[in-house]
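This is run-v1.pdb. It holds PDB, C-alpha atoms.
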```pdb
ATOM      1  CA  MET M   1      98.904 123.699  84.669
ATOM      2  CA  LEU M   2      97.067 126.993  85.074
ATOM      3  CA  LEU M   3     100.367 128.907  84.957
ATOM      4  CA  ASN M   4     100.944 127.527  81.452
ATOM      5  CA  GLY M   5      97.702 129.175  80.353
ATOM      6  CA  ALA M   6      98.401 132.560  81.950
ATOM      7  CA  ASN M   7     100.151 135.686  80.658
ATOM      8  CA  GLY M   8     101.351 139.033  81.990
ATOM      9  CA  GLN M   9     100.628 140.005  85.605
ATOM     10  CA  THR M  10      98.346 136.988  86.091
ATOM     11  CA  ALA M  11     101.242 134.655  85.214
ATOM     12  CA  ASP M  12     103.686 136.601  87.425
ATOM     13  CA  GLU M  13     101.358 136.326  90.424
ATOM     14  CA  ILE M  14     100.755 132.591  89.967
ATOM     15  CA  GLN M  15     104.487 131.981  89.538
ATOM     16  CA  LYS M  16     105.323 133.856  92.777
ATOM     17  CA  THR M  17     102.514 132.100  94.668
ATOM     18  CA  LEU M  18     103.935 128.733  93.558
ATOM     19  CA  LYS M  19     107.383 129.943  94.760
ATOM     20  CA  LEU M  20     108.717 129.518  91.219
ATOM     21  CA  ASN M  21     110.011 133.063  90.709
ATOM     22  CA  GLY M  22     113.362 133.040  88.960
ATOM     23  CA  ILE M  23     112.638 129.642  87.394
ATOM     24  CA  SER M  24     111.687 129.459  83.725
ATOM     25  CA  LEU M  25     108.354 127.880  82.860
ATOM     26  CA  ALA M  26     110.157 125.282  80.722
ATOM     27  CA  ASP M  27     112.318 124.263  83.713
ATOM     28  CA  ALA M  28     109.314 124.129  86.039
ATOM     29  CA  ASN M  29     107.440 121.933  83.544
ATOM     30  CA  ALA M  30     110.462 119.644  83.134
ATOM     31  CA  THR M  31     110.759 119.260  86.923
ATOM     32  CA  TYR M  32     107.058 118.484  87.235
ATOM     33  CA  LEU M  33     107.380 115.789  84.566
ATOM     34  CA  LYS M  34     110.293 114.238  86.507
ATOM     35  CA  LEU M  35     108.117 114.133  89.643
ATOM     36  CA  ILE M  36     105.194 112.530  87.791
ATOM     37  CA  GLU M  37     107.498 109.874  86.360
ATOM     38  CA  GLY M  38     109.746 109.403  89.409
ATOM     39  CA  LEU M  39     107.557 109.592  92.524
ATOM     40  CA  PRO M  40     105.403 106.524  91.717
ATOM     41  CA  LYS M  41     108.602 104.448  91.320
ATOM     42  CA  ALA M  42     110.369 105.753  94.453
ATOM     43  CA  ASP M  43     109.259 102.805  96.590
ATOM     44  CA  PRO M  44     107.933  99.584  94.980
ATOM     45  CA  LYS M  45     106.186  98.722  98.267
ATOM     46  CA  VAL M  46     104.101 101.915  98.135
ATOM     47  CA  THR M  47     101.359 102.725  95.627
ATOM     48  CA  LEU M  48     101.458 106.333  94.461
ATOM     49  CA  GLY M  49      99.264 107.480  91.595
ATOM     50  CA  LEU M  50      99.474 110.954  90.046
ATOM     51  CA  ALA M  51      97.103 111.962  87.261
ATOM     52  CA  ASN M  52      96.135 115.159  85.447
ATOM     53  CA  SER M  53      93.385 116.014  82.994
ATOM     54  CA  VAL M  54      92.064 118.952  80.989
ATOM     55  CA  TRP M  55      88.388 119.201  80.019
ATOM     56  CA  ASN M  56      86.887 121.677  77.571
ATOM     57  CA  ARG M  57      83.261 122.379  76.750
ATOM     58  CA  ASN M  58      82.421 121.081  73.264
ATOM     59  CA  THR M  59      81.570 124.655  72.147
ATOM     60  CA  PHE M  60      84.926 126.032  73.382
ATOM     61  CA  GLN M  61      88.272 125.337  71.719
ATOM     62  CA  PRO M  62      91.391 125.938  73.856
ATOM     63  CA  GLU M  63      94.683 126.814  72.145
ATOM     64  CA  THR M  64      96.430 123.728  70.711
ATOM     65  CA  ASP M  65      99.797 124.794  72.192
ATOM     66  CA  PHE M  66      98.272 124.966  75.680
ATOM     67  CA  VAL M  67      96.709 121.496  75.445
ATOM     68  CA  ASN M  68      99.935 120.043  74.012
ATOM     69  CA  ILE M  69     102.023 121.396  76.928
ATOM     70  CA  LEU M  70      99.580 119.802  79.385
ATOM     71  CA  LYS M  71      99.782 116.489  77.527
ATOM     72  CA  ASN M  72     103.599 116.526  77.299
ATOM     73  CA  SER M  73     104.677 118.030  80.648
ATOM     74  CA  PHE M  74     101.804 116.890  82.869
ATOM     75  CA  LYS M  75     100.742 113.695  81.042
ATOM     76  CA  ALA M  76      97.244 115.203  81.077
ATOM     77  CA  GLU M  77      94.360 113.385  79.424
ATOM     78  CA  ALA M  78      92.316 115.753  77.229
ATOM     79  CA  SER M  79      88.521 115.289  77.167
ATOM     80  CA  GLN M  80      85.377 117.222  76.308
ATOM     81  CA  PHE M  81      82.125 117.781  78.173
ATOM     82  CA  SER M  82      78.749 119.229  77.239
ATOM     83  CA  GLY M  83      75.811 120.678  79.140
ATOM     84  CA  SER M  84      75.710 120.741  82.934
ATOM     85  CA  ASP M  85      76.351 117.080  83.773
ATOM     86  CA  ALA M  86      79.512 116.691  85.896
ATOM     87  CA  THR M  87      79.405 112.862  85.831
ATOM     88  CA  PRO M  88      82.424 112.430  83.481
ATOM     89  CA  LEU M  89      84.635 114.607  85.752
ATOM     90  CA  ASN M  90      83.410 112.863  88.912
ATOM     91  CA  THR M  91      84.003 109.441  87.321
ATOM     92  CA  TRP M  92      87.566 110.460  86.416
ATOM     93  CA  ALA M  93      88.216 111.654  89.993
ATOM     94  CA  SER M  94      86.819 108.405  91.416
ATOM     95  CA  ASP M  95      88.809 106.219  88.992
ATOM     96  CA  LYS M  96      92.083 107.983  89.797
ATOM     97  CA  THR M  97      91.606 107.821  93.595
ATOM     98  CA  ASN M  98      90.528 104.175  93.873
ATOM     99  CA  GLY M  99      86.952 105.306  94.599
ATOM    100  CA  LYS M 100      87.972 107.369  97.648
ATOM    101  CA  ILE M 101      86.834 110.689  96.143
ATOM    102  CA  LYS M 102      83.660 109.943  94.224
ATOM    103  CA  LYS M 103      82.345 113.450  93.637
ATOM    104  CA  VAL M 104      84.061 116.802  93.184
ATOM    105  CA  LEU M 105      81.291 118.762  91.425
ATOM    106  CA  ASP M 106      77.493 118.709  91.717
ATOM    107  CA  ASN M 107      76.966 120.179  88.268
ATOM    108  CA  ILE M 108      78.664 122.378  85.663
ATOM    109  CA  GLU M 109      77.571 126.012  85.468
ATOM    110  CA  PRO M 110      76.878 127.344  81.940
ATOM    111  CA  GLN M 111      79.761 129.881  82.052
ATOM    112  CA  MET M 112      82.316 127.125  82.810
ATOM    113  CA  VAL M 113      84.252 126.227  79.643
ATOM    114  CA  LEU M 114      87.418 124.504  80.911
ATOM    115  CA  PHE M 115      88.528 122.388  83.865
ATOM    116  CA  LEU M 116      92.023 121.440  84.975
ATOM    117  CA  MET M 117      92.133 118.452  87.321
ATOM    118  CA  ASN M 118      94.879 116.858  89.376
ATOM    119  CA  ALA M 119      94.451 113.628  91.323
ATOM    120  CA  LEU M 120      96.771 111.993  93.808
ATOM    121  CA  TYR M 121      96.374 108.546  95.355
ATOM    122  CA  PHE M 122      98.614 107.039  98.043
ATOM    123  CA  LYS M 123      98.508 103.630  99.688
ATOM    124  CA  GLY M 124     101.308 102.473 101.929
ATOM    125  CA  ASP M 125     101.758  99.883 104.637
ATOM    126  CA  TRP M 126     103.810 100.882 107.674
ATOM    127  CA  THR M 127     107.352  99.485 107.652
ATOM    128  CA  THR M 128     106.484  98.245 111.162
ATOM    129  CA  SER M 129     102.760  97.676 111.554
ATOM    130  CA  PHE M 130     100.757  98.219 114.753
ATOM    131  CA  ASP M 131      99.497  95.115 116.593
ATOM    132  CA  GLU M 132      95.668  95.231 116.377
ATOM    133  CA  GLN M 133      95.392  93.428 119.732
ATOM    134  CA  LYS M 134      97.103  96.368 121.429
ATOM    135  CA  THR M 135      94.592  98.936 120.109
ATOM    136  CA  THR M 136      92.495 100.208 123.042
ATOM    137  CA  ASP M 137      90.085 102.996 123.982
ATOM    138  CA  TYR M 138      92.043 106.050 125.050
ATOM    139  CA  PRO M 139      90.997 109.633 125.984
ATOM    140  CA  PHE M 140      91.806 112.086 123.173
ATOM    141  CA  GLN M 141      92.084 115.756 124.136
ATOM    142  CA  LEU M 142      89.621 118.002 122.260
ATOM    143  CA  ALA M 143      89.395 121.800 122.340
ATOM    144  CA  GLU M 144      87.621 123.406 125.375
ATOM    145  CA  SER M 145      89.266 120.889 127.770
ATOM    146  CA  LYS M 146      86.949 118.063 126.724
ATOM    147  CA  THR M 147      88.121 114.536 125.959
ATOM    148  CA  LYS M 148      86.673 111.791 123.801
ATOM    149  CA  ASN M 149      87.561 108.116 123.737
ATOM    150  CA  VAL M 150      89.223 107.024 120.491
ATOM    151  CA  ARG M 151      90.682 103.725 119.266
ATOM    152  CA  MET M 152      94.369 104.306 120.026
ATOM    153  CA  MET M 153      96.908 102.134 118.211
ATOM    154  CA  GLN M 154     100.083 101.430 120.203
ATOM    155  CA  MET M 155     103.624 100.461 119.350
ATOM    156  CA  LYS M 156     107.037 100.144 120.993
ATOM    157  CA  SER M 157     109.747 100.353 118.364
ATOM    158  CA  LYS M 158     112.831 102.125 116.996
ATOM    159  CA  ILE M 159     111.340 105.485 115.944
ATOM    160  CA  SER M 160     112.645 108.919 114.916
ATOM    161  CA  PHE M 161     111.491 111.427 117.546
ATOM    162  CA  ALA M 162     111.964 115.133 118.382
ATOM    163  CA  ASN M 163     110.869 117.487 121.146
ATOM    164  CA  ARG M 164     110.357 121.029 119.827
ATOM    165  CA  ASP M 165     109.082 124.235 121.434
ATOM    166  CA  GLY M 166     105.388 123.613 122.128
ATOM    167  CA  TYR M 167     105.101 120.218 120.432
ATOM    168  CA  PHE M 168     106.643 116.786 119.945
ATOM    169  CA  ALA M 169     106.923 114.876 116.659
ATOM    170  CA  TYR M 170     107.689 111.386 115.446
ATOM    171  CA  GLU M 171     108.063 109.775 112.046
ATOM    172  CA  LEU M 172     106.480 106.533 110.852
ATOM    173  CA  PRO M 173     108.019 105.161 107.631
ATOM    174  CA  TYR M 174     106.115 103.252 104.941
ATOM    175  CA  GLY M 175     107.403 100.359 102.840
ATOM    176  CA  ASN M 176     111.155 100.676 102.221
ATOM    177  CA  GLY M 177     111.265 104.017 104.026
ATOM    178  CA  ARG M 178     111.228 106.400 101.050
ATOM    179  CA  TYR M 179     107.893 107.758 102.302
ATOM    180  CA  ALA M 180     106.956 108.567 105.908
ATOM    181  CA  MET M 181     104.183 110.122 107.936
ATOM    182  CA  THR M 182     105.346 112.835 110.333
ATOM    183  CA  VAL M 183     103.032 113.181 113.335
ATOM    184  CA  LEU M 184     103.095 116.519 115.201
ATOM    185  CA  VAL M 185     101.317 116.888 118.545
ATOM    186  CA  PRO M 186     100.951 120.147 120.538
ATOM    187  CA  ILE M 187     101.855 119.888 124.237
ATOM    188  CA  GLY M 188     100.928 121.833 127.391
ATOM    189  CA  THR M 189      98.652 124.809 126.718
ATOM    190  CA  GLN M 190      99.484 124.830 122.994
ATOM    191  CA  ARG M 191      96.545 124.295 120.636
ATOM    192  CA  VAL M 192      96.523 122.766 117.158
ATOM    193  CA  ASN M 193      96.128 126.232 115.586
ATOM    194  CA  ASP M 194      99.191 127.518 117.475
ATOM    195  CA  LEU M 195     101.182 124.665 115.979
ATOM    196  CA  VAL M 196      99.813 125.261 112.450
ATOM    197  CA  THR M 197     100.669 128.980 112.674
ATOM    198  CA  LYS M 198     104.238 128.132 113.729
ATOM    199  CA  LEU M 199     104.838 125.719 110.839
ATOM    200  CA  SER M 200     107.082 127.692 108.511
ATOM    201  CA  ALA M 201     109.607 126.192 106.085
ATOM    202  CA  THR M 202     112.335 127.095 108.612
ATOM    203  CA  GLU M 203     110.521 125.336 111.474
ATOM    204  CA  TRP M 204     109.947 122.259 109.276
ATOM    205  CA  ASN M 205     113.626 122.070 108.267
ATOM    206  CA  GLN M 206     114.697 122.468 111.900
ATOM    207  CA  LEU M 207     112.332 119.660 112.936
ATOM    208  CA  LYS M 208     113.753 117.352 110.234
ATOM    209  CA  GLN M 209     117.246 118.001 111.625
ATOM    210  CA  ASP M 210     116.098 117.369 115.220
ATOM    211  CA  LEU M 211     114.450 114.006 114.516
ATOM    212  CA  LYS M 212     116.685 111.359 116.079
ATOM    213  CA  VAL M 213     116.199 107.583 116.234
ATOM    214  CA  VAL M 214     115.159 106.377 119.690
ATOM    215  CA  ASP M 215     115.215 102.663 120.599
ATOM    216  CA  ASN M 216     112.082 101.172 122.171
ATOM    217  CA  LEU M 217     110.025 104.366 122.004
ATOM    218  CA  SER M 218     106.387 103.876 123.054
ATOM    219  CA  ILE M 219     103.951 105.788 120.842
ATOM    220  CA  GLY M 220     100.211 105.967 120.282
ATOM    221  CA  LEU M 221      98.320 107.032 117.162
ATOM    222  CA  PRO M 222      94.533 107.095 116.814
ATOM    223  CA  ARG M 223      92.853 105.121 114.063
ATOM    224  CA  PHE M 224      91.017 107.690 111.927
ATOM    225  CA  THR M 225      89.392 108.582 108.621
ATOM    226  CA  LEU M 226      89.154 112.182 107.400
ATOM    227  CA  GLU M 227      87.241 113.630 104.465
ATOM    228  CA  TYR M 228      87.533 117.318 103.670
ATOM    229  CA  GLU M 229      86.687 119.750 100.900
ATOM    230  CA  VAL M 230      87.492 123.412 100.548
ATOM    231  CA  TYR M 231      87.306 126.227  97.986
ATOM    232  CA  LEU M 232      90.734 127.838  97.748
ATOM    233  CA  ASN M 233      89.838 131.123  95.979
ATOM    234  CA  GLU M 234      90.376 133.330  99.060
ATOM    235  CA  VAL M 235      93.446 131.399 100.210
ATOM    236  CA  LEU M 236      95.135 131.768  96.815
ATOM    237  CA  GLU M 237      94.171 135.461  96.553
ATOM    238  CA  LYS M 238      95.770 136.094  99.975
ATOM    239  CA  MET M 239      98.851 134.104  98.926
ATOM    240  CA  GLY M 240      99.366 136.596  96.115
ATOM    241  CA  MET M 241      97.396 135.657  92.975
ATOM    242  CA  PRO M 242      94.189 137.779  92.970
ATOM    243  CA  SER M 243      94.242 138.676  89.246
ATOM    244  CA  ALA M 244      93.415 135.152  88.001
ATOM    245  CA  PHE M 245      89.959 135.327  89.647
ATOM    246  CA  LEU M 246      89.019 138.835  88.450
ATOM    247  CA  PRO M 247      86.794 139.177  85.354
ATOM    248  CA  ASN M 248      88.342 141.541  82.751
ATOM    249  CA  VAL M 249      91.625 141.575  84.746
ATOM    250  CA  ALA M 250      92.686 137.931  84.450
ATOM    251  CA  ASP M 251      94.953 137.219  81.505
ATOM    252  CA  LEU M 252      94.519 133.590  80.452
ATOM    253  CA  SER M 253      95.281 134.343  76.807
ATOM    254  CA  LYS M 254      97.465 131.234  76.412
ATOM    255  CA  ILE M 255      94.274 129.179  76.931
ATOM    256  CA  SER M 256      92.287 131.292  74.463
ATOM    257  CA  LYS M 257      93.507 134.213  72.374
ATOM    258  CA  THR M 258      89.993 135.197  71.327
ATOM    259  CA  GLN M 259      87.836 134.881  74.452
ATOM    260  CA  LYS M 260      88.134 136.565  77.858
ATOM    261  CA  LEU M 261      88.524 134.029  80.648
ATOM    262  CA  ASN M 262      89.018 134.031  84.402
ATOM    263  CA  VAL M 263      89.280 131.364  87.102
ATOM    264  CA  GLY M 264      85.857 130.736  88.626
ATOM    265  CA  PHE M 265      87.023 128.471  91.432
ATOM    266  CA  VAL M 266      89.782 126.247  92.763
ATOM    267  CA  LYS M 267      88.483 123.360  94.865
ATOM    268  CA  GLN M 268      90.291 120.650  96.776
ATOM    269  CA  ASN M 269      88.847 117.357  98.016
ATOM    270  CA  THR M 270      90.935 115.176 100.322
ATOM    271  CA  TYR M 271      90.638 111.776 102.009
ATOM    272  CA  VAL M 272      92.932 110.154 104.581
ATOM    273  CA  ALA M 273      92.467 106.843 106.393
ATOM    274  CA  VAL M 274      94.964 105.560 108.962
ATOM    275  CA  ASP M 275      94.852 102.134 110.627
ATOM    276  CA  GLU M 276      97.147  99.451 112.096
ATOM    277  CA  LYS M 277      98.312  98.340 108.648
ATOM    278  CA  GLY M 278      99.063 101.732 107.049
ATOM    279  CA  THR M 279      97.577 104.718 105.275
ATOM    280  CA  GLU M 280      95.341 105.323 102.281
ATOM    281  CA  ALA M 281      95.081 108.915 101.082
ATOM    282  CA  ALA M 282      93.675 110.752  98.099
ATOM    283  CA  ALA M 283      93.307 114.313  96.866
ATOM    284  CA  VAL M 284      91.677 115.903  93.842
ATOM    285  CA  THR M 285      92.186 119.539  92.936
ATOM    286  CA  THR M 286      89.801 121.063  90.384
ATOM    287  CA  ILE M 287      90.267 124.441  88.699
ATOM    288  CA  GLY M 288      87.204 125.787  86.888
ATOM    289  CA  VAL M 289      87.851 128.370  84.157
ATOM    290  CA  GLU M 290      84.895 130.447  82.995
ATOM    291  CA  LEU M 291      83.995 132.849  80.212
ATOM    292  CA  THR M 292      84.139 136.361  81.637
ATOM    293  CA  SER M 293      80.915 137.521  79.977
ATOM    294  CA  LEU M 294      78.145 135.156  78.967
ATOM    295  CA  PRO M 295      75.155 136.628  77.173
ATOM    296  CA  GLN M 296      72.241 136.814  79.642
ATOM    297  CA  THR M 297      69.325 134.478  78.906
ATOM    298  CA  TYR M 298      65.898 135.360  80.263
ATOM    299  CA  TYR M 299      63.840 132.278  81.060
ATOM    300  CA  ALA M 300      60.171 132.545  82.036
ATOM    301  CA  ASP M 301      60.546 129.569  84.336
TER     302      ASP M 301
END
```
Show me, as structure tokens, the structure contained in the file I just sent.
Amino acid sequence: MLLNGANGQTADEIQKTLKLNGISLADANATYLKLIEGLPKADPKVTLGLANSVWNRNTFQPETDFVNILKNSFKAEASQFSGSDATPLNTWASDKTNGKIKKVLDNIEPQMVLFLMNALYFKGDWTTSFDEQKTTDYPFQLAESKTKNVRMMQMKSKISFANRDGYFAYELPYGNGRYAMTVLVPIGTQRVNDLVTKLSATEWNQLKQDLKVVDNLSIGLPRFTLEYEVYLNEVLEKMGMPSAFLPNVADLSKISKTQKLNVGFVKQNTYVAVDEKGTEAAAVTTIGVELTSLPQTYYAD
């Protein structure tokens, strides 16, 4: 969505970071629309919700063409906000994630004039569920050679499995099998970070090829709930799009031809819960676009 508002070097950097170089913006938008329309229907037994929205401050008017592209290609809802109250944005995030992500912003800073939001919600039951009576306490290996007892779910079933260098992996399908969770576990002296560092597109593709169905495989998976939030400014800069964040360098002229804008922040909130029945997961990504230069106000407060 941000790419559609960018021009010049800023647009080039975002496009490369999204690995869309060589693809026209129109084609990228058309593909995104296909995903929005197609993914929720891929498996009738799985709930998948995808939603986008664009919010502008009531004193700031984004370009009509920009808003129209977001409405047409991203099915984005367009809304306005005023003042510093982030309640409308938080309510939208909560509504679109079945209440799993209730708050993405504490308040809205005065220089913020536009927000782009994306929400994803997933709920799927395992194709083969775990038997709750088999869930037991089991020692889970932490860093620094410590262990902690967790509620370990257990199953013996026909499961796709692979042994790779430094880790093993198995796949647990949901519903009709169009969606699956792939579980990767480091082995021996390997740590989680070693495994994360190794995970390139090539490694992932090789793993997918290596996964083979094994009859009567015994597996264990802890029951868990994770909540996480992170600002992605530095990550995205390192991935190759620094210009978007730089005042007086960023070119977001497709959002506004008359006012200088830059990205203030990109924030991601995520939620994942896994139990014997299946998985519920949600994510909200919020991009805050700000006016590059706001007149200074001097309060005697």
Distance criterion (only C-alpha atoms): nearest to Asn58 of chain M out of M:Met112, M:Gln15, M:Asn163, M:Phe74: M:Met112
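Evaluating the PyMOL selection byres ((chain M and resi 174) around 10) against the shown model yields Asp43, Lys45, Val46, Lys123, Gly124, Asp125, Trp126, Thr127, Thr128, Ser129, Glu171, Leu172, Pro173, Gly175, Asn176, Gly177, Arg178, Tyr179, Ala180, Met181, Lys277, Gly278 and Thr279 of chain M.
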Residues picked by the PyMOL selection byres ((chain M and resi 281-293) around 8) here, as a ChimeraX atom specification? /M:93,97,100-101,104,111-123,247-248,259-273,279-280,294-295
From the list M:Lys102, M:Lys198, M:Asn216, M:Ile23, which residue is nearest Asn90 of chain M when using only C-alpha atoms?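 Answer, going by the shortest atom-to-atom distance: M:Lys102.
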Record the distance separating atom CA of Lys75 of chain M and atom CA of Lys96 of chain M, expressed in Å with one decimal.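 A separation of 13.6 Å between them.
Between atom CA of Phe245 of chain M and atom CA of Asn233 of chain M the interatomic distance comes to 7.6 Å.
Nearest to Gln80 of chain M of all the residues M:Arg57, M:Lys257, M:Lys34, M:Lys212 is M:Arg57, based on all atoms listed in the file.
Evaluated against the shown file, the PyMOL selection byres ((chain M and resi 134-138) around 12) gives M:Ser129, M:Phe130, M:Asp131, M:Glu132, M:Gln133, M:Pro139, M:Phe140, M:Gln141, M:Thr147, M:Lys148, M:Asn149, M:Val150, M:Arg151, M:Met152, M:Met153, M:Gln154, M:Met155, M:Lys156, M:Ile219, M:Gly220, M:Leu221, M:Pro222, M:Arg223, M:Asp275, M:Glu276.
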Selected residue, from M:Phe60, M:Tyr231, M:Phe168, M:Phe224, that lies nearest to Leu105 of chain M when counting only C-alpha atoms: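 Answer, going by the shortest atom-to-atom distance: M:Tyr231.
Note that atom CA of Pro44 of chain M and atom CA of Tyr32 of chain M are 20.4 Å apart.
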Taking into account all atoms listed in the file, which residue in the set M:Leu246, M:Thr64, M:Glu109, M:Gly188 is nearest to Asp85 of chain M?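 Of M:Leu246, M:Thr64, M:Glu109, M:Gly188, the one nearest Asp85 of chain M is M:Glu109, counting all atoms listed in the file.
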Within 10 Å of Ala26 of chain M, counting only C-alpha atoms, which residues qualify if same-chain residues fewer than 3 places away don't, as a PyMOL selection string? chain M and resi 4+23+29-32+69+73
With only C-alpha atoms as the counted atoms, please give the residues lying no more than 10 Å from Gly8 of chain M, apart from itself and same-chain residues fewer than 4 positions off, as a ChimeraX atom specification. /M:12-13,250-253
Taking all atoms listed in the file into account, which of M:Ser94, M:Ser145, M:Ser218, M:Thr202 comes nearest Ala51 of chain M?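 Between M:Ser94, M:Ser145, M:Ser218, M:Thr202, the residue approaching Ala51 of chain M most closely is M:Ser94.
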